[in-house]
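Undergrad: I'm passing along protein_34.cif; it holds mmCIF, C-alpha atoms.
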data_coords
loop_
_atom_site.label_atom_id
_atom_site.label_comp_id
_atom_site.auth_asym_id
_atom_site.auth_seq_id
_atom_site.Cartn_x
_atom_site.Cartn_y
_atom_site.Cartn_z
CA MET A 1 121.26 101.17 130.65
CA ALA A 2 124.13 102.49 128.54
CA SER A 3 126.33 99.82 127.00
CA VAL A 4 129.37 102.13 126.91
CA ALA A 5 131.10 103.35 130.06
CA ILE A 6 132.88 106.72 130.12
CA VAL A 7 136.24 106.88 131.91
CA SER A 8 138.66 109.76 132.41
CA ASP A 9 141.45 110.90 134.65
CA THR A 10 140.86 113.50 137.36
CA THR A 11 142.01 116.59 135.45
CA HIS A 12 138.57 117.61 134.15
CA TYR A 13 137.54 119.02 137.56
CA LEU A 14 133.86 118.63 136.96
CA PRO A 15 131.85 119.03 140.19
CA ALA A 16 131.62 115.72 142.03
CA GLU A 17 127.82 115.67 141.86
CA LEU A 18 127.92 116.15 138.09
CA VAL A 19 130.42 113.29 137.76
CA ARG A 20 128.11 111.00 139.74
CA ARG A 21 125.03 112.05 137.82
CA GLU A 22 126.70 111.49 134.45
CA GLY A 23 128.15 108.14 135.52
CA ILE A 24 131.75 109.11 134.70
CA HIS A 25 134.41 106.76 136.08
CA GLN A 26 137.76 108.21 137.15
CA VAL A 27 141.39 107.12 137.30
CA SER A 28 143.29 109.38 139.65
CA LEU A 29 146.55 111.21 139.07
CA TYR A 30 148.91 111.79 141.99
CA VAL A 31 150.39 114.94 143.52
CA GLY A 32 152.58 115.75 146.50
CA TRP A 33 155.88 116.95 147.83
CA ALA A 34 158.92 114.70 148.24
CA GLY A 35 158.06 111.59 150.20
CA GLU A 36 154.29 112.10 150.10
CA SER A 37 152.16 111.31 147.10
CA THR A 38 148.38 111.55 147.27
CA ARG A 39 145.67 110.47 144.86
CA GLU A 40 144.03 113.67 143.70
CA LEU A 41 140.67 111.91 143.86
CA GLU A 42 141.10 111.31 147.58
CA MET A 43 141.96 114.88 148.59
CA ASN A 44 139.43 116.49 150.91
CA GLY A 45 139.44 119.98 149.45
CA PHE A 46 142.28 121.94 147.92
CA ASP A 47 142.78 124.90 150.29
CA ALA A 48 145.62 123.37 152.30
CA PHE A 49 147.48 122.33 149.16
CA TYR A 50 147.29 125.77 147.59
CA ALA A 51 148.32 127.49 150.83
CA ARG A 52 151.46 125.36 150.88
CA LEU A 53 152.09 125.83 147.15
CA ALA A 54 152.18 129.60 147.67
CA SER A 55 154.62 129.42 150.58
CA ASP A 56 156.83 126.35 150.07
CA PRO A 57 159.91 126.98 147.88
CA ALA A 58 159.89 123.32 146.83
CA THR A 59 157.79 122.39 143.80
CA PRO A 60 155.32 119.52 144.20
CA THR A 61 155.58 116.54 141.92
CA THR A 62 152.73 115.14 139.88
CA SER A 63 152.50 111.71 138.33
CA GLN A 64 150.19 109.92 135.94
CA PRO A 65 148.15 106.86 136.84
CA SER A 66 149.87 103.50 136.58
CA ILE A 67 148.80 100.80 134.17
CA GLY A 68 147.40 98.98 137.18
CA ASP A 69 145.31 102.01 138.10
CA TYR A 70 143.65 101.94 134.70
CA LEU A 71 143.02 98.22 134.81
CA ALA A 72 141.49 98.51 138.28
CA VAL A 73 138.83 100.83 136.86
CA TRP A 74 138.40 99.21 133.44
CA GLU A 75 138.27 95.52 134.34
CA PRO A 76 135.09 95.63 136.48
CA LEU A 77 133.34 97.58 133.71
CA LEU A 78 134.38 95.03 131.11
CA GLN A 79 133.18 92.22 133.38
CA GLU A 80 129.80 93.96 133.52
CA GLY A 81 129.68 93.69 129.74
CA LYS A 82 130.36 97.33 128.99
CA ASP A 83 132.64 98.73 126.33
CA ILE A 84 134.77 101.71 127.41
CA VAL A 85 135.61 105.11 125.99
CA SER A 86 138.50 106.49 128.04
CA VAL A 87 139.29 110.18 127.44
CA HIS A 88 142.35 111.86 128.91
CA LEU A 89 144.42 114.96 129.52
CA ALA A 90 146.36 116.34 126.55
CA GLY A 91 149.35 114.22 125.64
CA GLY A 92 151.36 117.37 124.97
CA ILE A 93 151.62 118.10 128.69
CA SER A 94 151.26 114.69 130.33
CA GLY A 95 151.93 111.00 129.85
CA THR A 96 148.49 110.18 131.24
CA CYS A 97 146.99 109.18 127.89
CA GLU A 98 150.06 107.20 126.88
CA ALA A 99 149.78 105.19 130.11
CA ALA A 100 146.17 104.46 129.19
CA ARG A 101 147.29 103.23 125.78
CA GLN A 102 149.81 100.93 127.45
CA ALA A 103 147.06 99.55 129.68
CA ARG A 104 144.93 98.91 126.61
CA THR A 105 147.83 97.00 125.02
CA MET A 106 147.82 94.68 128.02
CA LEU A 107 144.11 94.07 127.48
CA GLN A 108 144.74 93.33 123.82
CA GLU A 109 146.97 90.45 124.89
CA ARG A 110 143.89 89.03 126.63
CA GLY A 111 141.58 89.65 123.69
CA LEU A 112 139.81 92.60 125.34
CA GLY A 113 141.55 95.56 123.76
CA GLU A 114 138.96 96.10 121.04
CA ARG A 115 136.40 96.93 123.72
CA VAL A 116 138.37 99.96 124.94
CA GLU A 117 138.84 103.16 122.95
CA VAL A 118 141.51 105.49 124.38
CA ILE A 119 141.30 109.11 123.22
CA ASP A 120 143.73 111.96 123.75
CA GLY A 121 141.43 114.83 124.66
CA GLU A 122 144.10 117.32 123.55
CA THR A 123 142.83 119.61 126.30
CA GLY A 124 142.28 119.62 130.04
CA CYS A 125 140.17 121.06 132.85
CA GLY A 126 136.85 122.38 131.55
CA GLY A 127 137.74 121.47 127.97
CA LEU A 128 138.12 117.84 129.00
CA GLY A 129 134.92 118.14 131.00
CA PHE A 130 133.01 119.17 127.88
CA LEU A 131 134.23 116.07 126.05
CA LEU A 132 133.12 113.83 128.90
CA LEU A 133 129.65 115.38 129.07
CA ALA A 134 129.30 114.88 125.33
CA ALA A 135 130.43 111.26 125.63
CA ALA A 136 128.01 110.60 128.48
CA ALA A 137 125.11 112.04 126.46
CA ALA A 138 125.94 109.85 123.47
CA ALA A 139 126.21 106.77 125.71
CA ARG A 140 122.81 107.50 127.31
CA ALA A 141 121.33 107.77 123.84
CA GLY A 142 122.38 104.18 123.20
CA GLY A 143 125.49 104.90 121.19
CA ASP A 144 127.93 102.06 120.67
CA LEU A 145 131.67 102.26 121.17
CA LEU A 146 132.37 103.86 117.80
CA GLU A 147 129.48 106.32 118.05
CA VAL A 148 130.48 107.53 121.50
CA ALA A 149 134.11 107.87 120.44
CA ALA A 150 133.04 109.82 117.38
CA ARG A 151 131.06 112.23 119.57
CA VAL A 152 134.16 112.86 121.67
CA LYS A 153 136.23 113.61 118.59
CA GLN A 154 133.58 115.96 117.22
CA SER A 155 133.45 117.76 120.54
CA ARG A 156 137.22 118.06 120.62
CA LYS A 157 136.96 120.18 117.47
CA ARG A 158 134.17 122.35 118.88
CA ALA A 159 135.35 122.96 122.45
CA ARG A 160 137.32 126.06 123.45
CA ILE A 161 138.86 127.32 126.67
CA TRP A 162 140.83 130.38 127.72
CA PHE A 163 142.38 130.95 131.10
CA CYS A 164 144.36 133.74 132.69
CA ILE A 165 146.91 133.26 135.46
CA ASP A 166 148.72 135.59 137.81
CA THR A 167 152.23 134.62 136.76
CA LEU A 168 154.19 132.36 134.42
CA GLU A 169 156.47 131.35 137.27
CA TYR A 170 154.64 128.13 138.15
CA LEU A 171 154.62 126.99 134.52
CA ARG A 172 158.31 127.77 134.26
CA ARG A 173 159.17 125.93 137.48
CA GLY A 174 157.13 122.89 136.48
CA GLY A 175 158.45 122.66 132.93
CA ARG A 176 155.00 122.88 131.33
CA ILE A 177 155.30 126.33 129.81
CA GLY A 178 155.08 125.13 126.20
CA LYS A 179 154.88 127.82 123.55
CA ALA A 180 154.59 130.52 126.21
CA GLN A 181 158.34 130.08 126.71
CA ALA A 182 158.90 133.07 124.43
CA TRP A 183 157.24 135.32 127.00
CA LEU A 184 159.92 134.59 129.59
CA GLY A 185 162.30 137.01 127.91
CA GLY A 186 160.41 139.92 129.43
CA THR A 187 159.04 140.61 132.84
CA LEU A 188 157.00 137.99 134.67
CA LYS A 189 154.82 140.81 135.98
CA ILE A 190 152.16 140.39 133.33
CA LYS A 191 148.80 138.65 133.26
CA PRO A 192 149.14 135.85 130.70
CA ILE A 193 146.10 134.59 128.85
CA LEU A 194 146.55 131.04 127.60
CA THR A 195 144.71 128.14 126.05
CA LEU A 196 145.32 124.39 125.97
CA GLN A 197 145.38 122.80 122.53
CA HIS A 198 147.57 119.73 122.85
CA GLU A 199 149.98 121.89 124.88
CA ILE A 200 149.90 125.21 126.72
CA THR A 201 149.55 127.87 124.03
CA PRO A 202 149.82 131.64 124.58
CA VAL A 203 146.98 133.91 123.51
CA GLU A 204 148.02 137.35 124.71
CA ARG A 205 149.52 139.31 127.60
CA VAL A 206 147.78 142.06 129.49
CA ARG A 207 149.06 144.31 132.26
CA THR A 208 146.36 144.18 134.91
CA SER A 209 143.97 141.74 136.52
CA LYS A 210 141.09 144.00 135.58
CA ARG A 211 142.00 143.84 131.90
CA ALA A 212 142.48 140.06 132.08
CA PHE A 213 138.99 139.73 133.56
CA GLU A 214 137.46 141.85 130.82
CA ARG A 215 139.22 139.77 128.17
CA MET A 216 137.61 136.66 129.67
CA VAL A 217 134.21 138.36 129.31
CA GLU A 218 135.00 139.35 125.73
CA TYR A 219 135.98 135.76 125.05
CA GLY A 220 132.60 134.67 126.40
CA ASP A 221 131.00 136.93 123.82
CA ARG A 222 133.11 135.32 121.11
CA LEU A 223 132.00 131.87 122.25
CA ALA A 224 128.40 132.98 121.86
CA GLN A 225 129.05 134.29 118.35
CA GLU A 226 130.58 130.92 117.41
CA GLY A 227 127.57 129.04 118.75
CA LEU A 228 129.53 127.54 121.66
CA THR A 229 126.82 128.42 124.15
CA ALA A 230 127.16 125.47 126.53
CA TRP A 231 129.69 127.13 128.82
CA ALA A 232 131.52 126.83 132.12
CA VAL A 233 133.80 128.78 134.43
CA GLN A 234 136.72 127.43 136.47
CA HIS A 235 139.15 128.97 138.92
CA ILE A 236 141.86 128.32 141.49
CA GLN A 237 141.31 129.97 144.87
CA ALA A 238 139.32 132.70 143.15
CA ALA A 239 135.71 131.80 143.86
CA ASP A 240 134.48 135.39 144.05
CA GLN A 241 136.03 136.30 140.68
CA ALA A 242 134.61 133.11 139.18
CA GLN A 243 131.11 134.08 140.32
CA ARG A 244 131.59 137.57 138.87
CA LEU A 245 132.75 136.08 135.59
CA ALA A 246 129.76 133.73 135.53
CA ASP A 247 127.44 136.68 136.11
CA ARG A 248 128.95 138.56 133.18
CA CYS A 249 128.87 135.48 130.95
CA ARG A 250 125.18 135.01 131.67
CA GLU A 251 124.77 138.42 130.04
CA VAL A 252 126.96 137.84 126.98
CA ILE A 253 126.41 134.11 126.36
CA GLY A 254 123.04 133.56 127.97
CA GLY A 255 121.68 130.74 130.07
CA GLU A 256 123.27 129.08 133.05
CA PRO A 257 126.76 127.56 133.12
CA LEU A 258 127.12 123.81 132.83
CA PHE A 259 129.30 124.08 135.92
CA ILE A 260 131.48 126.38 137.99
CA SER A 261 134.33 124.55 139.69
CA GLU A 262 137.81 124.77 141.12
CA VAL A 263 140.79 123.30 139.29
CA GLY A 264 142.70 120.84 141.43
CA PRO A 265 146.35 120.41 142.42
CA VAL A 266 147.63 118.32 139.49
CA ILE A 267 147.01 121.22 137.11
CA GLY A 268 147.26 123.89 139.80
CA THR A 269 150.86 122.91 140.52
CA TYR A 270 151.75 124.39 137.12
CA THR A 271 149.48 127.44 137.08
CA GLY A 272 149.38 128.56 140.68
CA PRO A 273 146.51 130.16 142.58
CA GLY A 274 144.53 132.89 140.86
CA LEU A 275 143.65 131.06 137.65
CA LEU A 276 140.39 132.14 136.07
CA GLY A 277 139.00 130.52 132.95
CA VAL A 278 135.98 130.25 130.72
CA GLY A 279 135.14 127.92 127.86
CA GLY A 280 132.32 126.64 125.75
CA VAL A 281 131.19 123.85 123.46
CA ASP A 282 128.44 123.43 120.87
CA PRO A 283 125.33 122.47 122.87
CA ALA A 284 124.23 120.17 120.06
CA LEU A 285 127.10 117.89 121.02
CA LEU A 286 125.62 117.46 124.50
CA SER A 287 122.35 116.24 123.03
CA GLU A 288 121.20 112.66 123.51
CA ALA A 289 120.23 112.50 119.84
CA LEU A 290 122.67 110.41 117.83
#
Starting from the file, give its structure as structure tokens.

TA:
Amino acid sequence: MASVAIVSDTTHYLPAELVRREGIHQVSLYVGWAGESTRELEMNGFDAFYARLASDPATPTTSQPSIGDYLAVWEPLLQEGKDIVSVHLAGGISGTCEAARQARTMLQERGLGERVEVIDGETGCGGLGFLLLAAAAAARAGGDLLEVAARVKQSRKRARIWFCIDTLEYLRRGGRIGKAQAWLGGTLKIKPILTLQHEITPVERVRTSKRAFERMVEYGDRLAQEGLTAWAVQHIQAADQAQRLADRCREVIGGEPLFISEVGPVIGTYTGPGLLGVGGVDPALLSEAL
């Protein structure tokens, strides 16, 4: 049995079965409209949320886990004798990782802090998922706390994601637009292509959904050329397009995706429905060889 437990927040959006199989523990973020806040982990599907997001003029609020939320997940693992590598959503767009660091400080006061390594994943969604799969592989191989943490940091350097969205409006409304702010000077009627590297970073603008889709396929080909052939596709309320993209990426990257999944409301609040993304990581980093 692995001596290191892997913990993350809920913004990786790995399929639930994959999370269970890999033994990844989760600390939930919260999302909701005024007066109603729900743990993302406890939501039974996302359709109702996204239907309301598209029609309600009010913007939902999202919030990071509390220190107590972290301790509620970490403390039983520590009591089992496990060390913990806790990997989280990019600090450039969320205070989630900082809250984890504060929780670790509380453990330090009890002499337990050295058994928990908190890592800013500097990414989110599928990019964060890649880091967690790499961490889980290293833990299964018998890696100790430092070895598992090192695998995460290596993977952070070798993981890439691109995503296209229908509009910048949700990013603008939610205040998470980052370096794409410069694009607001023109029309919002473009198809932005973005990445997440510490914060939301613009890649390029295209005029049509068809061109945005083809750019995702071309990016898949680039991933293959860079050796990042462990790949995945994610979407928001765009399952058919995600399957089409996966079909095309099987041709240009090869093999089957690690996962195809829907991005949930905490991130979806800021991107809106219609997101389509693809990313990859070096498959060597998912190996159980240390």

Undergrad: From the options A:Gly45, A:Gly129, A:Pro192, A:Gly68, which residue's atoms come nearest to Val7 of chain A, counting only C-alpha atoms?

TA: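 The answer is A:Gly129, which sits nearest to Val7 of chain A.
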
Undergrad: Find the residues near His235 of chain A: any atom within 10 Å, counting only C-alpha atoms, skip ones fewer than 5 places away on the same chain, and give them as a ChimeraX atom specification.

TA: /A:163-165,240-243,260-264,268,273-278

Undergrad: Mind telling me what the PyMOL selection byres ((chain A and resi 207-214) around 9) catches here, as a short mmCIF file (atom, residue, chain, number, x, y, z; two decimals) with C-alpha atoms, in the coordinates of the input?

TA:
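Once everything was written out, this is expr_5.cif:
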data_model
loop_
_atom_site.label_atom_id
_atom_site.label_comp_id
_atom_site.auth_asym_id
_atom_site.auth_seq_id
_atom_site.Cartn_x
_atom_site.Cartn_y
_atom_site.Cartn_z
CA CYS A 164 144.36 133.74 132.69
CA ILE A 165 146.91 133.26 135.46
CA ASP A 166 148.72 135.59 137.81
CA LYS A 189 154.82 140.81 135.98
CA ILE A 190 152.16 140.39 133.33
CA LYS A 191 148.80 138.65 133.26
CA PRO A 192 149.14 135.85 130.70
CA ILE A 193 146.10 134.59 128.85
CA ARG A 205 149.52 139.31 127.60
CA VAL A 206 147.78 142.06 129.49
CA ARG A 215 139.22 139.77 128.17
CA MET A 216 137.61 136.66 129.67
CA VAL A 217 134.21 138.36 129.31
CA GLU A 218 135.00 139.35 125.73
CA TYR A 219 135.98 135.76 125.05
CA GLN A 241 136.03 136.30 140.68
CA LEU A 245 132.75 136.08 135.59
CA LEU A 276 140.39 132.14 136.07
#

Undergrad: Carefully work through the PyMOL selection byres ((chain A and resi 73-83) around 8) for this structure and note down the residues it includes, as a VMD selection string.

TA: chain A and resid 3 to 5 25 to 27 69 to 72 84 to 85 115 to 116 145

Undergrad: Which is closer to Thr269 of chain A than all the others in A:Arg172, A:Arg39, A:Arg21, A:Leu131, using all atoms listed in the file?

TA: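 Comparing A:Arg172, A:Arg39, A:Arg21, A:Leu131 against Thr269 of chain A, the winner is A:Arg172.
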
Undergrad: Written as a PDB file with C-alpha atoms, in the coordinates of the input, which residues does the PyMOL selection byres ((chain A and resi 258) around 12) give for the file shown?

TA:
ATOM      1  CA  LEU A  14     133.860 118.630 136.960  1.00  0.00           C
ATOM      2  CA  PRO A  15     131.850 119.030 140.190  1.00  0.00           C
ATOM      3  CA  LEU A  18     127.920 116.150 138.090  1.00  0.00           C
ATOM      4  CA  GLY A 126     136.850 122.380 131.550  1.00  0.00           C
ATOM      5  CA  GLY A 127     137.740 121.470 127.970  1.00  0.00           C
ATOM      6  CA  GLY A 129     134.920 118.140 131.000  1.00  0.00           C
ATOM      7  CA  PHE A 130     133.010 119.170 127.880  1.00  0.00           C
ATOM      8  CA  LEU A 133     129.650 115.380 129.070  1.00  0.00           C
ATOM      9  CA  ALA A 134     129.300 114.880 125.330  1.00  0.00           C
ATOM     10  CA  THR A 229     126.820 128.420 124.150  1.00  0.00           C
ATOM     11  CA  ALA A 230     127.160 125.470 126.530  1.00  0.00           C
ATOM     12  CA  TRP A 231     129.690 127.130 128.820  1.00  0.00           C
ATOM     13  CA  ALA A 232     131.520 126.830 132.120  1.00  0.00           C
ATOM     14  CA  VAL A 233     133.800 128.780 134.430  1.00  0.00           C
ATOM     15  CA  GLN A 234     136.720 127.430 136.470  1.00  0.00           C
ATOM     16  CA  ALA A 246     129.760 133.730 135.530  1.00  0.00           C
ATOM     17  CA  CYS A 249     128.870 135.480 130.950  1.00  0.00           C
ATOM     18  CA  ARG A 250     125.180 135.010 131.670  1.00  0.00           C
ATOM     19  CA  GLY A 254     123.040 133.560 127.970  1.00  0.00           C
ATOM     20  CA  GLY A 255     121.680 130.740 130.070  1.00  0.00           C
ATOM     21  CA  GLU A 256     123.270 129.080 133.050  1.00  0.00           C
ATOM     22  CA  PRO A 257     126.760 127.560 133.120  1.00  0.00           C
ATOM     23  CA  PHE A 259     129.300 124.080 135.920  1.00  0.00           C
ATOM     24  CA  ILE A 260     131.480 126.380 137.990  1.00  0.00           C
ATOM     25  CA  SER A 261     134.330 124.550 139.690  1.00  0.00           C
ATOM     26  CA  VAL A 278     135.980 130.250 130.720  1.00  0.00           C
ATOM     27  CA  GLY A 279     135.140 127.920 127.860  1.00  0.00           C
ATOM     28  CA  GLY A 280     132.320 126.640 125.750  1.00  0.00           C
ATOM     29  CA  VAL A 281     131.190 123.850 123.460  1.00  0.00           C
ATOM     30  CA  PRO A 283     125.330 122.470 122.870  1.00  0.00           C
ATOM     31  CA  LEU A 286     125.620 117.460 124.500  1.00  0.00           C
TER      32      LEU A 286
END

Undergrad: What is the atom CA of Ile67 of chain A to atom CA of Arg110 of chain A distance in Å?

TA: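 It comes out at 14.8 Å.
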
Undergrad: Kindly give the distance, in Å, that separates atom CA of Leu228 of chain A and atom CA of Ala284 of chain A, rounded to a single decimal.

TA: 9.2 Å

Undergrad: In terms of the shortest atom-to-atom distance over all atoms listed in the file, which of A:Arg222, A:His12, A:Arg160, A:Arg173 is closest to Leu196 of chain A?

TA: A:Arg160

Undergrad: For the atom pair atom CA of Arg156 of chain A and atom CA of Glu251 of chain A, what is the interatomic distance in Å to one decimal place?

TA: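 Separation between atom CA of Arg156 of chain A and atom CA of Glu251 of chain A: 25.7 Å.
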
Undergrad: Between A:Val266, A:Arg248, A:Leu89, A:Gly124, which one has atoms that come closest to Ser37 of chain A, using all atoms listed in the file?

TA: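 For Ser37 of chain A, the nearest of the given residues is A:Val266.
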
Undergrad: Go through A:Tyr170, A:Trp162, A:Tyr270, A:Tyr50 one by one, measure the shortest atom-to-atom distance of each to Pro202 of chain A using all atoms listed in the file, and give the residue with the smallest value.

TA: A:Trp162

Undergrad: Measuring between all atoms listed in the file, which one of A:Ser287, A:Ser28, A:Asn44, A:Gln225 shows the shortest distance to Thr11 of chain A?

TA: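 That would be A:Ser28, the residue with the smallest distance to Thr11 of chain A.
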
Undergrad: Would you compute an axis-aligned box for segment 37-55 of chain A, covering every atom listed for it in the file with 6 Å of margin on each side, and report centre and edge lengths in Å to one decimal as AutoDock Vina command-line options?

TA:
--center_x 147.0 --center_y 120.0 --center_z 148.0 --size_x 27.2 --size_y 31.1 --size_z 20.6
